[in-house]
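*Asks:* Quick one: the structure is below, questions incoming.
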Amino acid sequence: QVQLVESGGGTVQAGHSLRLSCAASGRTFGSYAMGWFRQPPGKEREFVASINWSGVYTYYGDSVKGRFTISRDNAKNTVYLQMNSLKPEDTAVYYCALDRRRSAQDMGVMTPPYALDAWGQGTLVTVSS
């Protein structure tokens, strides 16, 4: 059973940056695609970014392309989300997720309710104007 724990959320002003981390338990972390999703207040969860097992291939939601970067360190069992040029509309609870069957590309075209194998508890990001 893989467990995912996000950290790094907080409150920042628009235009600033944050880096989220997602630490995974388990020896097979490096075999699976990972993704970041977010749920703004009162809205559905949405795809943010995904990365394949090796870190070579990455995919992004349209609203974050050019501003967010997903990366991973398999030696540390950790996936990151670097968020730059933050906007108030980026305010959301951010979740990382893992799936044993789907590719990173598959994650990018999924629709809610995103039936993935494992989810973290989420970390809140608030961007003030």
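Identifiers for the structure tokens are assigned positionally: chains receive A, B, ... in sequence, residues are indexed from 1 per chain, and ligands are indexed from 1 in the order shown.
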With 7 Å as the cut-off and only C-alpha atoms counted, what is the closest atom pair between each nearby residue of stretch 50-117 of chain A and stretch 6-28 of chain A? Distances in Å to one decimal, ordered by chain and number, as a Markdown table.

*Replies:*
| residue | atom | partner | partner_atom | distance |
| --- | --- | --- | --- | --- |
| A:Asn77 | CA | A:Ala24 | CA | 5.4 |
| A:Thr78 | CA | A:Ala23 | CA | 4.5 |
| A:Val79 | CA | A:Cys22 | CA | 5.2 |
| A:Tyr80 | CA | A:Ser21 | CA | 4.5 |
| A:Leu81 | CA | A:Leu20 | CA | 5.0 |
| A:Gln82 | CA | A:Arg19 | CA | 4.4 |
| A:Met83 | CA | A:Leu18 | CA | 5.2 |
| A:Asn84 | CA | A:Ser17 | CA | 4.4 |
| A:Ser85 | CA | A:Gly15 | CA | 4.2 |
| A:Leu86 | CA | A:Gly15 | CA | 4.9 |
| A:Lys87 | CA | A:Ala14 | CA | 5.0 |
| A:Pro88 | CA | A:Ala14 | CA | 6.3 |
| A:Cys96 | CA | A:Cys22 | CA | 6.4 |

*Asks:* If you run DSSP on the backbone here, which positions in chain A get helix (DSSP H, G or I)? Please write them as a PyMOL selection string.

*Replies:* chain A and resi 29-31+74-76+88-90+104-109

*Asks:* When DSSP is applied to the backbone of this structure, which of stretch 45-106 of chain A are assigned strand (DSSP E)? Write them out as a ChimeraX atom specification.

*Replies:* /A:46-51,58-60,68-73,78-83,92-99

*Asks:* Would you mind exporting N, CA, C and O atoms of the selected residues as an mmCIF file, in the first residue's frame?

*Replies:*
data_model
loop_
_atom_site.group_PDB
_atom_site.id
_atom_site.type_symbol
_atom_site.label_atom_id
_atom_site.label_comp_id
_atom_site.auth_asym_id
_atom_site.auth_seq_id
_atom_site.Cartn_x
_atom_site.Cartn_y
_atom_site.Cartn_z
ATOM 1 N N GLU A 46 -9.304 19.075 -10.744
ATOM 2 C CA GLU A 46 -8.808 19.174 -12.115
ATOM 3 C C GLU A 46 -7.350 18.753 -12.210
ATOM 4 O O GLU A 46 -6.600 18.835 -11.228
ATOM 5 N N PHE A 47 -6.977 18.335 -13.387
ATOM 6 C CA PHE A 47 -5.612 17.901 -13.652
ATOM 7 C C PHE A 47 -4.687 19.105 -13.705
ATOM 8 O O PHE A 47 -5.009 20.128 -14.310
ATOM 9 N N VAL A 48 -3.495 18.971 -13.099
ATOM 10 C CA VAL A 48 -2.497 20.024 -13.133
ATOM 11 C C VAL A 48 -1.282 19.592 -13.940
ATOM 12 O O VAL A 48 -0.880 20.271 -14.880
ATOM 13 N N ALA A 49 -0.687 18.457 -13.570
ATOM 14 C CA ALA A 49 0.531 18.009 -14.241
ATOM 15 C C ALA A 49 0.760 16.536 -13.958
ATOM 16 O O ALA A 49 0.276 16.013 -12.948
ATOM 17 N N SER A 50 1.504 15.876 -14.829
ATOM 18 C CA SER A 50 1.875 14.479 -14.601
ATOM 19 C C SER A 50 3.275 14.233 -15.143
ATOM 20 O O SER A 50 3.778 14.994 -15.993
ATOM 21 N N ILE A 51 3.875 13.150 -14.667
ATOM 22 C CA ILE A 51 5.250 12.832 -15.045
ATOM 23 C C ILE A 51 5.394 11.321 -15.123
ATOM 24 O O ILE A 51 4.836 10.597 -14.296
ATOM 25 N N THR A 58 6.622 14.826 -19.409
ATOM 26 C CA THR A 58 5.754 15.582 -18.520
ATOM 27 C C THR A 58 4.581 16.149 -19.308
ATOM 28 O O THR A 58 4.701 16.417 -20.512
ATOM 29 N N TYR A 59 3.467 16.355 -18.628
ATOM 30 C CA TYR A 59 2.254 16.862 -19.249
ATOM 31 C C TYR A 59 1.634 17.872 -18.292
ATOM 32 O O TYR A 59 1.727 17.717 -17.071
ATOM 33 N N TYR A 60 0.984 18.895 -18.864
ATOM 34 C CA TYR A 60 0.444 19.976 -18.048
ATOM 35 C C TYR A 60 -0.953 20.357 -18.488
ATOM 36 O O TYR A 60 -1.299 20.274 -19.670
ATOM 37 N N PHE A 68 4.156 26.252 -14.242
ATOM 38 C CA PHE A 68 4.404 25.164 -13.304
ATOM 39 C C PHE A 68 5.338 24.140 -13.933
ATOM 40 O O PHE A 68 5.307 23.915 -15.139
ATOM 41 N N THR A 69 6.140 23.503 -13.080
ATOM 42 C CA THR A 69 7.043 22.446 -13.530
ATOM 43 C C THR A 69 6.963 21.272 -12.572
ATOM 44 O O THR A 69 7.141 21.443 -11.364
ATOM 45 N N ILE A 70 6.694 20.096 -13.123
ATOM 46 C CA ILE A 70 6.674 18.877 -12.320
ATOM 47 C C ILE A 70 8.006 18.162 -12.502
ATOM 48 O O ILE A 70 8.581 18.146 -13.594
ATOM 49 N N SER A 71 8.507 17.584 -11.429
ATOM 50 C CA SER A 71 9.759 16.824 -11.488
ATOM 51 C C SER A 71 9.702 15.734 -10.424
ATOM 52 O O SER A 71 8.802 15.724 -9.577
ATOM 53 N N ARG A 72 10.648 14.829 -10.479
ATOM 54 C CA ARG A 72 10.678 13.756 -9.485
ATOM 55 C C ARG A 72 12.104 13.354 -9.191
ATOM 56 O O ARG A 72 12.988 13.480 -10.042
ATOM 57 N N ASP A 73 12.296 12.857 -7.979
ATOM 58 C CA ASP A 73 13.565 12.288 -7.554
ATOM 59 C C ASP A 73 13.273 10.894 -7.040
ATOM 60 O O ASP A 73 12.808 10.735 -5.900
ATOM 61 N N THR A 78 10.156 11.086 -4.138
ATOM 62 C CA THR A 78 9.466 12.363 -4.029
ATOM 63 C C THR A 78 9.195 12.957 -5.411
ATOM 64 O O THR A 78 10.040 12.874 -6.309
ATOM 65 N N VAL A 79 8.010 13.528 -5.548
ATOM 66 C CA VAL A 79 7.650 14.283 -6.743
ATOM 67 C C VAL A 79 7.402 15.721 -6.319
ATOM 68 O O VAL A 79 6.908 15.977 -5.221
ATOM 69 N N TYR A 80 7.770 16.654 -7.190
ATOM 70 C CA TYR A 80 7.684 18.070 -6.859
ATOM 71 C C TYR A 80 6.782 18.803 -7.854
ATOM 72 O O TYR A 80 6.609 18.369 -8.991
ATOM 73 N N LEU A 81 6.271 19.930 -7.418
ATOM 74 C CA LEU A 81 5.559 20.829 -8.311
ATOM 75 C C LEU A 81 6.058 22.241 -8.011
ATOM 76 O O LEU A 81 5.734 22.807 -6.957
ATOM 77 N N GLN A 82 6.864 22.772 -8.917
ATOM 78 C CA GLN A 82 7.337 24.142 -8.801
ATOM 79 C C GLN A 82 6.311 25.056 -9.453
ATOM 80 O O GLN A 82 6.011 24.893 -10.637
ATOM 81 N N MET A 83 5.785 25.982 -8.682
ATOM 82 C CA MET A 83 4.722 26.866 -9.171
ATOM 83 C C MET A 83 5.236 28.305 -9.167
ATOM 84 O O MET A 83 5.532 28.849 -8.103
ATOM 85 N N ALA A 92 -6.268 26.634 -4.369
ATOM 86 C CA ALA A 92 -6.896 25.305 -4.396
ATOM 87 C C ALA A 92 -6.208 24.411 -3.379
ATOM 88 O O ALA A 92 -5.127 24.739 -2.869
ATOM 89 N N VAL A 93 -6.831 23.278 -3.125
ATOM 90 C CA VAL A 93 -6.145 22.190 -2.432
ATOM 91 C C VAL A 93 -5.464 21.356 -3.511
ATOM 92 O O VAL A 93 -6.105 20.937 -4.477
ATOM 93 N N TYR A 94 -4.172 21.144 -3.350
ATOM 94 C CA TYR A 94 -3.379 20.411 -4.324
ATOM 95 C C TYR A 94 -3.124 18.992 -3.807
ATOM 96 O O TYR A 94 -2.706 18.808 -2.661
ATOM 97 N N TYR A 95 -3.373 18.020 -4.685
ATOM 98 C CA TYR A 95 -3.225 16.612 -4.351
ATOM 99 C C TYR A 95 -2.227 15.949 -5.297
ATOM 100 O O TYR A 95 -2.239 16.225 -6.497
ATOM 101 N N CYS A 96 -1.396 15.071 -4.757
ATOM 102 C CA CYS A 96 -0.609 14.235 -5.649
ATOM 103 C C CYS A 96 -1.273 12.860 -5.726
ATOM 104 O O CYS A 96 -2.015 12.459 -4.826
ATOM 105 N N ALA A 97 -1.007 12.175 -6.809
ATOM 106 C CA ALA A 97 -1.634 10.885 -7.054
ATOM 107 C C ALA A 97 -0.675 9.974 -7.790
ATOM 108 O O ALA A 97 0.206 10.431 -8.522
ATOM 109 N N LEU A 98 -0.890 8.705 -7.603
ATOM 110 C CA LEU A 98 -0.073 7.658 -8.231
ATOM 111 C C LEU A 98 -1.013 6.651 -8.868
ATOM 112 O O LEU A 98 -2.089 6.357 -8.313
ATOM 113 N N ASP A 99 -0.599 6.109 -10.003
ATOM 114 C CA ASP A 99 -1.374 5.031 -10.600
ATOM 115 C C ASP A 99 -0.444 3.957 -11.147
ATOM 116 O O ASP A 99 0.543 4.275 -11.809
#

*Asks:* Give me the residues within 8 Å of A:Ser31 as number ranges by chain, counting only C-alpha atoms and dropping any in the same chain fewer than 3 places off.

*Replies:* A: 28, 53-54, 100

*Asks:* Generate a file of the selected residues that holds N, CA and C atoms, formatted as a CSV table (one decimal), in the first residue's frame.

*Replies:*
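Saved result, again.csv, follows:
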chain,number,residue,atom,x,y,z
A,28,THR,N,8.5,0.7,-4.8
A,28,THR,CA,8.3,0.7,-6.2
A,28,THR,C,7.8,2.0,-6.8
A,53,TRP,N,7.5,7.6,-15.2
A,53,TRP,CA,8.3,7.0,-14.2
A,53,TRP,C,9.7,7.5,-14.1
A,54,SER,N,10.3,7.8,-15.3
A,54,SER,CA,11.7,8.2,-15.4
A,54,SER,C,11.9,9.7,-15.3
A,100,ARG,N,-0.8,2.7,-10.9
A,100,ARG,CA,0.1,1.6,-11.3
A,100,ARG,C,-0.1,1.2,-12.7

*Asks:* Please indicate the distance in Å from atom CA of A:Val5 to atom CA of A:Leu124, rounded to one decimal place.

*Replies:*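 Computing it gives 12.7 Å between the two atoms.
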
*Asks:* Go through A:Leu4, A:Trp119, A:Glu89, A:Val127 one by one, measure the shortest atom-to-atom distance of each to A:Ser63 using only C-alpha atoms, and give the residue with the smallest value.

*Replies:*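 Of all the options, A:Glu89 lies closest to A:Ser63.
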
*Asks:* Mind giving me the straight-line distance from atom CA of A:Tyr114 to atom CA of A:Phe37 in Å, one decimal?

*Replies:* 9.4 Å
